[in-house]
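Enquirer: Before we start, here is the structure in question, set down as structure tokens.
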Amino acid sequence: MAVCARLCGVGPARGCRRRGAAREQRRGGAGDSEPDTDTDPEEAGGGGTEDEEAAERIEGGRPAPHAAEAGTAGRAPLSLLELPPELLVQIFGSLPGTDLPSLARVCTTFRRILRTDTIWRRRCREEYGVCENLRKLEITGVSCRDVYAKLLHRYRHILGLWQPDIGPYGGLLNVVVDGLFIIGWMYLPPHDPHVDDPMRFKPLFRIHLMERKCATVECMYGHKGPHNGHIQIVKKDEFSTKCNQTDHHRMSGGRQEEFRTWLREEWGRTLEDIFHEHMQELILMKFIYTSQYDNCLTYRRIYLPPSSPDDLIRPGLFKGTYGSHGLEIVMLSFHGKKAKGTKITGDPNIPAGQQTVEIDLAHPLQLPDIENLRDFSELSRIVLEVQEQVRREEQEEEQRQEEDDRSQQAASQPAAKPLGGEGAEGEETAAGAEGTTQNKAPASQPFVLPMGVISRNEDYPRTCRICFYGTGLIAGHGFTSPERTPGVFVLFDDDRFGFIWLELKSFSLYSRIKVSFQNAEAPSREAFDEMLKNIQSLAT
């Protein structure tokens with residue numbers, strides 16, 4: 001009743017138009033106040049021939065006459081129904097498209113006006129960024145309302161970032177509105193070891209509206225052009241794709257030609273160029289494993305990490321070097337005194353979804369001078385001392401926690417909090433946070449890798465801002481015997497950092513992925529943390 005009163009613009013003295021049909025008949029407006037129960041955006045504004053003709057008059061700048069206008073001369077309109085149709089088009093066009101079906105239920109006048117394509121053209125532009133000349137759609141007989149309801153609104157839930165379930169390898173899919181298409185782009189790191197090069201991407205599927213009936217899904221995998229595909233939204237934050245014509249993925253030269261083509265695209269080289277036998281085995285294994293899916297995949301939503309003014313650098317996605325496995329995508333996020341690097345793409349040793357590195361922001365490292373830094377044993381001594389310090393602090397914290405638990409169990413009444421207890425903890429946290437903030441922009445210092453440390457990319461920065469103690473995850477093939485080992489996190493600048501794996505005597509260089517991803521922000525910090533936990537549990 002309240003909604004009806006607001007839409008009809010009546011006050012308590014006049015009553016509701018929908019309940020006053022006799023009064024509307026006397027004013028000539030009875031036919032325009034019949035309710036409509038359709039709530040689907042696809043049907044919002046649906047109507048008969050008269051409605052289409054009226055909409056055409058509105059679209060062409062010749063407003064359709066309204067019976068209620070006859071009694072409004074000489075006074076301000078008291079109802080939306082008394083406003084000129086072209087003004088209602090402007091008002092309705094400013095509302096979210098998801099609200100328009102409810103508006104169409106109010107009366108047939110609103111439903112008729114909602115057939116005006118100007119309204120839906122504006123919603124396509126403002127909500128989904130469709131900047132194409134939508135008037136060209138008239139040639140194909142597809143309206144802007146069809147584009148909104150049957151394409152954009154229907155598939156809105158798959159827009160954003162996703163991680164495909166491809167065993168340990170994972171991936172990064174970005175689904176975007178591109179003109180009058182919805183396209184799923186698979187993002188690939190640059191060829192190893194060029195970590196600073198831009199990302200590569202290729203289309204896996206696209207959705208578009210060929211006719212008024214429904215949207216068409218096409219698989220883009222392979223080299224024979226688009227072909228028939230299918231998309232199913234499994235549940236919230238999960239969907240799957242299926243190719244219905246996998247023969248389009250095959251090449252005339254058989255698997256050998258497919259492998260050589262894949263190798264050039266994936267690694268930018270031929271098998272003869274790769275002399276390392278173990279690397280050849282890893283590459284062949286990845287081709288065999290990934291090609292069996294034939295673009296029939298399940299995707300799970302991922303979010304970009306939320307940022308805070310206290311973060312060491314802006315969190316986000318980075319590409320990093322991982323030895324014989326090539327370049328992989330890692331998500332850097334901050335969690336109080338910790339920073340975490342989570343794999344979005346992975347390998348048979350450490351699969352996608354696992355936390356590859358963890359940085360202890362409460363324990364910065366003071367590197368020795370440049371000459372002593374070349375000595376690996378000196379750097380190892382410094383890191384192991386900090387590791388022992390961290391272990392002692394963790395043991396003391398566990399003992400304090402056990403004592404607190406015993407005290408709470410022994411007390412018959414709720415014990416008063418010790419004076420300064422919570423405050424001391426708060427002061428310690430504040431001090432740690434202050435220390436982290438103070439370490440945010442220190443003066444640069446010379447940096448060089450110690451002798452014996454292997455780096456895939458020798459073109460790493462020779463100055464750094466600050467270093468922290470951290471741990472890196474290592475494991476055998478098939479993620480066997482996983483273990484966290486000590487290492488050094490090296491911050492070079494706002495877009496690059498590195499990690500020295502002490503036990504492996506290797507160095508990984510990471511560079512920021514400078515792509516502006518849409519529809520990828522987490523709705524809350526809790527939602528992001530839950531996403532991280534889910535992808536790690538799936539990897540395990």
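Ordered as shown in the structure tokens, chains take letters A, B, and onward, while each chain numbers its residues from 1 and ligands are numbered from 1 in the order shown.
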For Arg264 (chain A), list every protein, DNA or RNA residue within 12 Å, evaluated using only C-alpha atoms, and leave out those in the same chain fewer than 4 positions away; present the list as a list in words.

Expert: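 Near neighbours after the sequence-gap exclusion: His191, Glu257, Glu258, Phe259, Arg260, Gly268, Arg269, Thr270, Leu271, Glu272, Asp273, Ile274, Ile283 and Phe287 of chain A.
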
Enquirer: Put those residues in a file: N, CA and C atoms, as an mmCIF file, in the first residue's frame.

Expert:
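Okay, out07.cif is ready:
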data_model
loop_
_atom_site.group_PDB
_atom_site.id
_atom_site.type_symbol
_atom_site.label_atom_id
_atom_site.label_comp_id
_atom_site.auth_asym_id
_atom_site.auth_seq_id
_atom_site.Cartn_x
_atom_site.Cartn_y
_atom_site.Cartn_z
ATOM 1 N N HIS A 191 56.142 -14.819 -20.953
ATOM 2 C CA HIS A 191 57.054 -15.955 -21.113
ATOM 3 C C HIS A 191 58.216 -15.848 -20.122
ATOM 4 N N GLU A 257 51.366 -31.913 -33.364
ATOM 5 C CA GLU A 257 51.183 -30.525 -33.797
ATOM 6 C C GLU A 257 50.506 -29.699 -32.706
ATOM 7 N N GLU A 258 49.545 -30.292 -32.011
ATOM 8 C CA GLU A 258 48.870 -29.580 -30.929
ATOM 9 C C GLU A 258 49.863 -29.225 -29.821
ATOM 10 N N PHE A 259 50.758 -30.168 -29.506
ATOM 11 C CA PHE A 259 51.735 -29.907 -28.455
ATOM 12 C C PHE A 259 52.704 -28.795 -28.850
ATOM 13 N N ARG A 260 53.185 -28.818 -30.082
ATOM 14 C CA ARG A 260 54.131 -27.792 -30.521
ATOM 15 C C ARG A 260 53.465 -26.416 -30.560
ATOM 16 N N GLY A 268 56.675 -19.769 -25.512
ATOM 17 C CA GLY A 268 57.346 -18.923 -26.485
ATOM 18 C C GLY A 268 58.597 -19.548 -27.064
ATOM 19 N N ARG A 269 58.653 -20.875 -27.091
ATOM 20 C CA ARG A 269 59.834 -21.558 -27.621
ATOM 21 C C ARG A 269 59.457 -22.964 -28.080
ATOM 22 N N THR A 270 60.405 -23.668 -28.653
ATOM 23 C CA THR A 270 60.193 -25.057 -29.053
ATOM 24 C C THR A 270 60.844 -25.979 -28.034
ATOM 25 N N LEU A 271 60.502 -27.260 -28.118
ATOM 26 C CA LEU A 271 61.059 -28.217 -27.163
ATOM 27 C C LEU A 271 62.567 -28.345 -27.335
ATOM 28 N N GLU A 272 63.049 -28.144 -28.558
ATOM 29 C CA GLU A 272 64.489 -28.238 -28.808
ATOM 30 C C GLU A 272 65.257 -27.110 -28.122
ATOM 31 N N ASP A 273 64.555 -25.992 -27.856
ATOM 32 C CA ASP A 273 65.211 -24.860 -27.190
ATOM 33 C C ASP A 273 65.371 -25.091 -25.690
ATOM 34 N N ILE A 274 64.685 -26.082 -25.141
ATOM 35 C CA ILE A 274 64.713 -26.332 -23.699
ATOM 36 C C ILE A 274 65.643 -27.512 -23.452
ATOM 37 N N ILE A 283 56.980 -29.643 -18.563
ATOM 38 C CA ILE A 283 56.196 -29.032 -19.630
ATOM 39 C C ILE A 283 55.282 -30.059 -20.290
ATOM 40 N N PHE A 287 51.051 -30.172 -20.378
ATOM 41 C CA PHE A 287 50.261 -30.244 -21.613
ATOM 42 C C PHE A 287 49.285 -31.417 -21.559
#

Enquirer: Fewer than 3 positions away in the same chain doesn't count, so skip those; otherwise give me all residues within 9 Å of region 201-218 of chain A, counting only C-alpha atoms, as a ChimeraX atom specification.

Expert: /A:140-143,146-147,150-151,155,173,180-189,221-222,226-231,241,243,295

Enquirer: Could those selected residues go to a file with C-alpha atoms, as a PDB file, in the first residue's frame?

Expert:
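Generated output (again13.pdb):
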ATOM      1  CA  THR A 140      18.889  -7.337 -36.261  1.00  0.00           C
ATOM      2  CA  GLY A 141      15.545  -6.791 -34.545  1.00  0.00           C
ATOM      3  CA  VAL A 142      17.115  -6.951 -31.076  1.00  0.00           C
ATOM      4  CA  SER A 143      16.136  -4.233 -28.620  1.00  0.00           C
ATOM      5  CA  ASP A 146      16.593  -7.726 -24.939  1.00  0.00           C
ATOM      6  CA  VAL A 147      20.311  -7.029 -24.484  1.00  0.00           C
ATOM      7  CA  LYS A 150      18.608 -11.789 -21.971  1.00  0.00           C
ATOM      8  CA  LEU A 151      22.350 -11.113 -21.954  1.00  0.00           C
ATOM      9  CA  TYR A 155      24.741 -13.569 -17.001  1.00  0.00           C
ATOM     10  CA  LEU A 173      39.815 -16.049 -15.777  1.00  0.00           C
ATOM     11  CA  LEU A 180      27.707  -6.450 -27.124  1.00  0.00           C
ATOM     12  CA  PHE A 181      29.519  -9.606 -25.956  1.00  0.00           C
ATOM     13  CA  ILE A 182      30.323 -11.179 -22.611  1.00  0.00           C
ATOM     14  CA  ILE A 183      33.788 -12.724 -22.973  1.00  0.00           C
ATOM     15  CA  GLY A 184      35.798 -14.975 -20.668  1.00  0.00           C
ATOM     16  CA  TRP A 185      39.499 -14.098 -20.999  1.00  0.00           C
ATOM     17  CA  MET A 186      42.119 -16.460 -19.595  1.00  0.00           C
ATOM     18  CA  TYR A 187      45.096 -14.414 -18.344  1.00  0.00           C
ATOM     19  CA  LEU A 188      48.532 -15.964 -18.789  1.00  0.00           C
ATOM     20  CA  PRO A 189      51.870 -14.794 -17.343  1.00  0.00           C
ATOM     21  CA  TYR A 221      39.131 -22.800 -27.531  1.00  0.00           C
ATOM     22  CA  GLY A 222      41.258 -24.131 -30.378  1.00  0.00           C
ATOM     23  CA  PRO A 226      33.955 -20.024 -32.341  1.00  0.00           C
ATOM     24  CA  HIS A 227      31.702 -23.071 -32.019  1.00  0.00           C
ATOM     25  CA  ASN A 228      28.813 -24.320 -29.925  1.00  0.00           C
ATOM     26  CA  GLY A 229      29.277 -24.205 -26.150  1.00  0.00           C
ATOM     27  CA  HIS A 230      27.284 -24.198 -22.933  1.00  0.00           C
ATOM     28  CA  ILE A 231      27.462 -22.398 -19.567  1.00  0.00           C
ATOM     29  CA  THR A 241      31.591 -24.375 -19.148  1.00  0.00           C
ATOM     30  CA  CYS A 243      32.240 -27.415 -25.311  1.00  0.00           C
ATOM     31  CA  ASN A 295      37.609 -26.343 -22.099  1.00  0.00           C
TER      32      ASN A 295
END

Enquirer: From the options A:Asn519, A:Asn457, A:Gln355, A:Leu312, which residue's atoms come nearest to Phe492 (chain A), counting only C-alpha atoms?

Expert: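 Of A:Asn519, A:Asn457, A:Gln355, A:Leu312, the one nearest Phe492 (chain A), counting only C-alpha atoms, is A:Leu312.
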
Enquirer: Counting only C-alpha atoms, figure out which residue out of A:Arg154, A:Lys337, A:Lys343, A:His363 gets nearest to Gln536 (chain A).

Expert: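 Smallest distance to Gln536 (chain A) is found for A:Lys343.
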
Enquirer: Taking 3 positions as the minimum chain separation for residues in the same chain, which residues sit within 12 Å of region 120-133 of chain A when counting only C-alpha atoms? Answer as number ranges by chain.

Expert: A: 41-42, 44-45, 59, 89-100, 113-117, 136-139, 142-153, 155-156, 159, 176-182, 518-519

Enquirer: DSSP on the backbone, then: every residue of region 186-370 of chain A marked strand (DSSP E), written as an MDAnalysis selection string.

Expert: chainID A and resid 186:188 200:209 215:219 227:235 238:243 298:301 316:321 327:335 338:343 355:365

Enquirer: So the first atom is CA of Ile313 (chain A) and the second is CA of Ile513 (chain A); what is the distance between them in Å, to one decimal place?

Expert: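 Pair CA of Ile313 (chain A) / CA of Ile513 (chain A) returns 13.8 Å.
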
Enquirer: Would you mind listing what lies within 7 Å of Pro446 (chain A) as a list in words, with only C-alpha atoms counted and same-chain residues fewer than 3 positions away left out?

Expert: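 Returned residues: Ile370, Arg462, Thr463 and Cys464 of chain A.
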
Enquirer: Would you export the selected residues with N, CA, C and O atoms as an mmCIF file, in the first residue's frame, please?

Expert:
data_model
loop_
_atom_site.group_PDB
_atom_site.id
_atom_site.type_symbol
_atom_site.label_atom_id
_atom_site.label_comp_id
_atom_site.auth_asym_id
_atom_site.auth_seq_id
_atom_site.Cartn_x
_atom_site.Cartn_y
_atom_site.Cartn_z
ATOM 1 N N ILE A 370 77.130 -4.411 1.629
ATOM 2 C CA ILE A 370 77.039 -5.070 0.324
ATOM 3 C C ILE A 370 78.070 -6.180 0.155
ATOM 4 O O ILE A 370 77.805 -7.218 -0.472
ATOM 5 N N ARG A 462 68.821 -3.482 -8.000
ATOM 6 C CA ARG A 462 70.038 -3.488 -7.182
ATOM 7 C C ARG A 462 69.908 -2.598 -5.945
ATOM 8 O O ARG A 462 70.885 -2.380 -5.233
ATOM 9 N N THR A 463 68.725 -2.101 -5.681
ATOM 10 C CA THR A 463 68.450 -1.393 -4.424
ATOM 11 C C THR A 463 67.109 -1.876 -3.888
ATOM 12 O O THR A 463 66.232 -2.291 -4.654
ATOM 13 N N CYS A 464 66.962 -1.856 -2.581
ATOM 14 C CA CYS A 464 65.705 -2.287 -1.962
ATOM 15 C C CYS A 464 65.328 -1.310 -0.846
ATOM 16 O O CYS A 464 66.164 -0.550 -0.350
#

Enquirer: For the atom pair CA of Gly316 (chain A) and CA of Trp267 (chain A), what is the interatomic distance in Å to one decimal place?

Expert: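 So the two atoms, CA of Gly316 (chain A) and CA of Trp267 (chain A), lie 24.4 Å apart.
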
Enquirer: May I have the residues within 10 Å of Thr485 (chain A) as a PyMOL selection string, using only C-alpha atoms and disregarding those fewer than 6 positions away in the same chain?

Expert: chain A and resi 357+387+470-474+501-504

Enquirer: Output all heavy atoms for every residue in that selection, as a PDB file, in the first residue's frame.

Expert:
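Here's the written file again-v2.pdb:
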ATOM      1  N   VAL A 357      54.188 -18.024   0.240  1.00  0.00           N
ATOM      2  CA  VAL A 357      55.079 -17.306   1.166  1.00  0.00           C
ATOM      3  C   VAL A 357      54.244 -16.611   2.234  1.00  0.00           C
ATOM      4  O   VAL A 357      53.082 -16.260   2.004  1.00  0.00           O
ATOM      5  CB  VAL A 357      55.956 -16.253   0.436  1.00  0.00           C
ATOM      6  CG1 VAL A 357      56.930 -16.922  -0.508  1.00  0.00           C
ATOM      7  CG2 VAL A 357      55.103 -15.236  -0.288  1.00  0.00           C
ATOM      8  N   GLN A 387      64.695 -16.506  13.099  1.00  0.00           N
ATOM      9  CA  GLN A 387      63.797 -17.652  13.178  1.00  0.00           C
ATOM     10  C   GLN A 387      63.728 -18.196  14.602  1.00  0.00           C
ATOM     11  O   GLN A 387      62.638 -18.518  15.105  1.00  0.00           O
ATOM     12  CB  GLN A 387      64.278 -18.754  12.229  1.00  0.00           C
ATOM     13  CG  GLN A 387      63.375 -19.988  12.219  1.00  0.00           C
ATOM     14  CD  GLN A 387      63.973 -21.129  11.422  1.00  0.00           C
ATOM     15  OE1 GLN A 387      65.198 -21.308  11.419  1.00  0.00           O
ATOM     16  NE2 GLN A 387      63.137 -21.903  10.754  1.00  0.00           N
ATOM     17  N   GLY A 470      60.588 -14.155   6.669  1.00  0.00           N
ATOM     18  CA  GLY A 470      59.413 -14.836   6.151  1.00  0.00           C
ATOM     19  C   GLY A 470      59.649 -16.316   6.024  1.00  0.00           C
ATOM     20  O   GLY A 470      60.749 -16.821   6.274  1.00  0.00           O
ATOM     21  N   THR A 471      58.611 -17.020   5.654  1.00  0.00           N
ATOM     22  CA  THR A 471      58.714 -18.451   5.410  1.00  0.00           C
ATOM     23  C   THR A 471      58.133 -18.764   4.037  1.00  0.00           C
ATOM     24  O   THR A 471      57.181 -18.115   3.582  1.00  0.00           O
ATOM     25  CB  THR A 471      57.975 -19.276   6.478  1.00  0.00           C
ATOM     26  OG1 THR A 471      56.594 -18.889   6.496  1.00  0.00           O
ATOM     27  CG2 THR A 471      58.587 -19.054   7.848  1.00  0.00           C
ATOM     28  N   GLY A 472      58.707 -19.767   3.378  1.00  0.00           N
ATOM     29  CA  GLY A 472      58.226 -20.212   2.078  1.00  0.00           C
ATOM     30  C   GLY A 472      57.848 -21.675   2.122  1.00  0.00           C
ATOM     31  O   GLY A 472      58.464 -22.472   2.841  1.00  0.00           O
ATOM     32  N   LEU A 473      56.822 -22.033   1.377  1.00  0.00           N
ATOM     33  CA  LEU A 473      56.334 -23.410   1.369  1.00  0.00           C
ATOM     34  C   LEU A 473      57.029 -24.206   0.267  1.00  0.00           C
ATOM     35  O   LEU A 473      57.016 -23.814  -0.906  1.00  0.00           O
ATOM     36  CB  LEU A 473      54.812 -23.412   1.143  1.00  0.00           C
ATOM     37  CG  LEU A 473      54.114 -24.776   1.181  1.00  0.00           C
ATOM     38  CD1 LEU A 473      54.262 -25.423   2.553  1.00  0.00           C
ATOM     39  CD2 LEU A 473      52.639 -24.614   0.821  1.00  0.00           C
ATOM     40  N   ILE A 474      57.644 -25.322   0.635  1.00  0.00           N
ATOM     41  CA  ILE A 474      58.262 -26.216  -0.343  1.00  0.00           C
ATOM     42  C   ILE A 474      57.684 -27.616  -0.138  1.00  0.00           C
ATOM     43  O   ILE A 474      57.205 -27.958   0.954  1.00  0.00           O
ATOM     44  CB  ILE A 474      59.802 -26.249  -0.213  1.00  0.00           C
ATOM     45  CG1 ILE A 474      60.216 -26.786   1.161  1.00  0.00           C
ATOM     46  CG2 ILE A 474      60.394 -24.866  -0.446  1.00  0.00           C
ATOM     47  CD1 ILE A 474      61.727 -26.973   1.307  1.00  0.00           C
ATOM     48  N   TRP A 501      64.770 -18.072  -0.962  1.00  0.00           N
ATOM     49  CA  TRP A 501      64.496 -19.363  -0.326  1.00  0.00           C
ATOM     50  C   TRP A 501      65.833 -19.926   0.160  1.00  0.00           C
ATOM     51  O   TRP A 501      66.658 -20.396  -0.630  1.00  0.00           O
ATOM     52  CB  TRP A 501      63.858 -20.319  -1.326  1.00  0.00           C
ATOM     53  CG  TRP A 501      62.672 -19.751  -2.057  1.00  0.00           C
ATOM     54  CD1 TRP A 501      62.689 -18.835  -3.070  1.00  0.00           C
ATOM     55  CD2 TRP A 501      61.304 -20.071  -1.838  1.00  0.00           C
ATOM     56  NE1 TRP A 501      61.418 -18.561  -3.491  1.00  0.00           N
ATOM     57  CE2 TRP A 501      60.538 -19.309  -2.753  1.00  0.00           C
ATOM     58  CE3 TRP A 501      60.633 -20.935  -0.963  1.00  0.00           C
ATOM     59  CZ2 TRP A 501      59.149 -19.389  -2.821  1.00  0.00           C
ATOM     60  CZ3 TRP A 501      59.255 -21.015  -1.020  1.00  0.00           C
ATOM     61  CH2 TRP A 501      58.527 -20.250  -1.934  1.00  0.00           C
ATOM     62  N   LEU A 502      66.065 -19.869   1.476  1.00  0.00           N
ATOM     63  CA  LEU A 502      67.376 -20.277   2.008  1.00  0.00           C
ATOM     64  C   LEU A 502      67.677 -21.744   1.718  1.00  0.00           C
ATOM     65  O   LEU A 502      68.770 -22.088   1.280  1.00  0.00           O
ATOM     66  CB  LEU A 502      67.429 -20.018   3.514  1.00  0.00           C
ATOM     67  CG  LEU A 502      67.590 -18.564   3.976  1.00  0.00           C
ATOM     68  CD1 LEU A 502      67.866 -18.524   5.462  1.00  0.00           C
ATOM     69  CD2 LEU A 502      68.710 -17.866   3.221  1.00  0.00           C
ATOM     70  N   GLU A 503      66.711 -22.616   1.981  1.00  0.00           N
ATOM     71  CA  GLU A 503      66.985 -24.043   1.840  1.00  0.00           C
ATOM     72  C   GLU A 503      67.214 -24.428   0.384  1.00  0.00           C
ATOM     73  O   GLU A 503      68.027 -25.305   0.085  1.00  0.00           O
ATOM     74  CB  GLU A 503      65.824 -24.858   2.422  1.00  0.00           C
ATOM     75  CG  GLU A 503      66.098 -26.357   2.431  1.00  0.00           C
ATOM     76  CD  GLU A 503      65.173 -27.098   3.371  1.00  0.00           C
ATOM     77  OE1 GLU A 503      64.778 -26.515   4.405  1.00  0.00           O
ATOM     78  OE2 GLU A 503      64.865 -28.261   3.086  1.00  0.00           O
ATOM     79  N   LEU A 504      66.503 -23.765  -0.536  1.00  0.00           N
ATOM     80  CA  LEU A 504      66.649 -24.075  -1.951  1.00  0.00           C
ATOM     81  C   LEU A 504      67.779 -23.287  -2.603  1.00  0.00           C
ATOM     82  O   LEU A 504      68.159 -23.581  -3.740  1.00  0.00           O
ATOM     83  CB  LEU A 504      65.336 -23.781  -2.696  1.00  0.00           C
ATOM     84  CG  LEU A 504      64.094 -24.533  -2.225  1.00  0.00           C
ATOM     85  CD1 LEU A 504      62.887 -24.095  -3.041  1.00  0.00           C
ATOM     86  CD2 LEU A 504      64.291 -26.038  -2.337  1.00  0.00           C
TER      87      LEU A 504
END

Enquirer: Just the residues within 9 Å of Gly346 (chain A), please, counting only C-alpha atoms, with nothing from its chain fewer than 6 positions along; format it as a ChimeraX atom specification.

Expert: /A:167-171,325,328-330,352-354

Enquirer: Export, as an mmCIF file, in the first residue's frame, the selected residues with N, CA and C atoms.

Expert:
data_model
loop_
_atom_site.group_PDB
_atom_site.id
_atom_site.type_symbol
_atom_site.label_atom_id
_atom_site.label_comp_id
_atom_site.auth_asym_id
_atom_site.auth_seq_id
_atom_site.Cartn_x
_atom_site.Cartn_y
_atom_site.Cartn_z
ATOM 1 N N GLY A 167 43.249 -29.029 -11.634
ATOM 2 C CA GLY A 167 44.203 -29.728 -10.789
ATOM 3 C C GLY A 167 45.145 -28.771 -10.091
ATOM 4 N N PRO A 168 46.448 -29.046 -10.094
ATOM 5 C CA PRO A 168 47.390 -28.176 -9.388
ATOM 6 C C PRO A 168 47.702 -26.884 -10.126
ATOM 7 N N TYR A 169 47.274 -26.770 -11.393
ATOM 8 C CA TYR A 169 47.726 -25.649 -12.218
ATOM 9 C C TYR A 169 46.867 -24.388 -12.044
ATOM 10 N N GLY A 170 45.589 -24.532 -11.764
ATOM 11 C CA GLY A 170 44.738 -23.366 -11.566
ATOM 12 C C GLY A 170 44.702 -22.460 -12.785
ATOM 13 N N GLY A 171 44.527 -21.176 -12.545
ATOM 14 C CA GLY A 171 44.465 -20.211 -13.636
ATOM 15 C C GLY A 171 43.752 -18.947 -13.180
ATOM 16 N N HIS A 325 59.346 -24.363 -13.182
ATOM 17 C CA HIS A 325 57.903 -24.282 -13.396
ATOM 18 C C HIS A 325 57.512 -23.029 -14.182
ATOM 19 N N GLU A 328 54.406 -17.826 -12.428
ATOM 20 C CA GLU A 328 53.103 -18.135 -11.837
ATOM 21 C C GLU A 328 52.492 -16.874 -11.239
ATOM 22 N N ILE A 329 51.170 -16.914 -11.050
ATOM 23 C CA ILE A 329 50.425 -15.761 -10.534
ATOM 24 C C ILE A 329 50.199 -15.945 -9.046
ATOM 25 N N VAL A 330 50.521 -14.901 -8.271
ATOM 26 C CA VAL A 330 50.412 -14.931 -6.814
ATOM 27 C C VAL A 330 49.612 -13.722 -6.348
ATOM 28 N N ALA A 352 47.975 -24.615 -7.028
ATOM 29 C CA ALA A 352 47.221 -23.369 -6.927
ATOM 30 C C ALA A 352 46.318 -23.406 -5.696
ATOM 31 N N GLY A 353 46.235 -22.272 -5.016
ATOM 32 C CA GLY A 353 45.438 -22.172 -3.798
ATOM 33 C C GLY A 353 46.259 -22.229 -2.530
ATOM 34 N N GLN A 354 47.485 -22.755 -2.618
ATOM 35 C CA GLN A 354 48.332 -22.841 -1.432
ATOM 36 C C GLN A 354 49.026 -21.505 -1.149
#

Enquirer: Which neighbours of Asn534 (chain A) fall inside 12 Å, counting only C-alpha atoms, when residues of the same chain fewer than 5 positions from it are skipped, and could you give them as a JSON list (two decimals) with N, CA and C atoms, in the first residue's frame?

Expert:
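Resulting contents of out11.json:
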[["chain", "number", "residue", "atom", "x", "y", "z"],
["A", 163, "GLN", "N", 38.83, -18.66, -10.73],
["A", 163, "GLN", "CA", 39.94, -19.61, -10.78],
["A", 163, "GLN", "C", 39.41, -20.94, -11.29],
["A", 237, "ASP", "N", 28.68, -18.16, -6.84],
["A", 237, "ASP", "CA", 30.14, -18.05, -6.97],
["A", 237, "ASP", "C", 30.76, -19.30, -7.58],
["A", 300, "ARG", "N", 35.58, -21.09, -9.89],
["A", 300, "ARG", "CA", 35.16, -20.57, -8.58],
["A", 300, "ARG", "C", 35.64, -19.14, -8.44],
["A", 301, "ARG", "N", 34.77, -18.30, -7.90],
["A", 301, "ARG", "CA", 35.05, -16.86, -7.84],
["A", 301, "ARG", "C", 36.20, -16.56, -6.89],
["A", 302, "ILE", "N", 37.03, -15.61, -7.29],
["A", 302, "ILE", "CA", 38.06, -15.08, -6.41],
["A", 302, "ILE", "C", 37.94, -13.56, -6.36],
["A", 303, "TYR", "N", 38.36, -12.99, -5.25],
["A", 303, "TYR", "CA", 38.30, -11.55, -5.06],
["A", 303, "TYR", "C", 39.71, -10.97, -4.99],
["A", 342, "THR", "N", 49.40, -16.00, -1.92],
["A", 342, "THR", "CA", 48.61, -17.18, -2.26],
["A", 342, "THR", "C", 48.69, -17.45, -3.75],
["A", 352, "ALA", "N", 47.98, -24.62, -7.03],
["A", 352, "ALA", "CA", 47.22, -23.37, -6.93],
["A", 352, "ALA", "C", 46.32, -23.41, -5.70],
["A", 353, "GLY", "N", 46.23, -22.27, -5.02],
["A", 353, "GLY", "CA", 45.44, -22.17, -3.80],
["A", 353, "GLY", "C", 46.26, -22.23, -2.53],
["A", 354, "GLN", "N", 47.48, -22.75, -2.62],
["A", 354, "GLN", "CA", 48.33, -22.84, -1.43],
["A", 354, "GLN", "C", 49.03, -21.51, -1.15],
["A", 527, "ALA", "N", 34.42, -11.88, 3.67],
["A", 527, "ALA", "CA", 34.21, -12.63, 2.43],
["A", 527, "ALA", "C", 35.54, -12.98, 1.76],
["A", 528, "PHE", "N", 36.49, -12.06, 1.82],
["A", 528, "PHE", "CA", 37.81, -12.33, 1.23],
["A", 528, "PHE", "C", 38.53, -13.43, 1.99],
["A", 529, "ASP", "N", 38.51, -13.36, 3.33],
["A", 529, "ASP", "CA", 39.18, -14.39, 4.13],
["A", 529, "ASP", "C", 38.54, -15.77, 3.90],
["A", 539, "ALA", "N", 42.67, -26.95, -2.69],
["A", 539, "ALA", "CA", 44.00, -27.36, -3.15],
["A", 539, "ALA", "C", 44.54, -28.50, -2.31],
["A", 540, "THR", "N", 44.23, -28.48, -1.01],
["A", 540, "THR", "CA", 44.72, -29.53, -0.13],
["A", 540, "THR", "C", 44.02, -30.85, -0.39]]
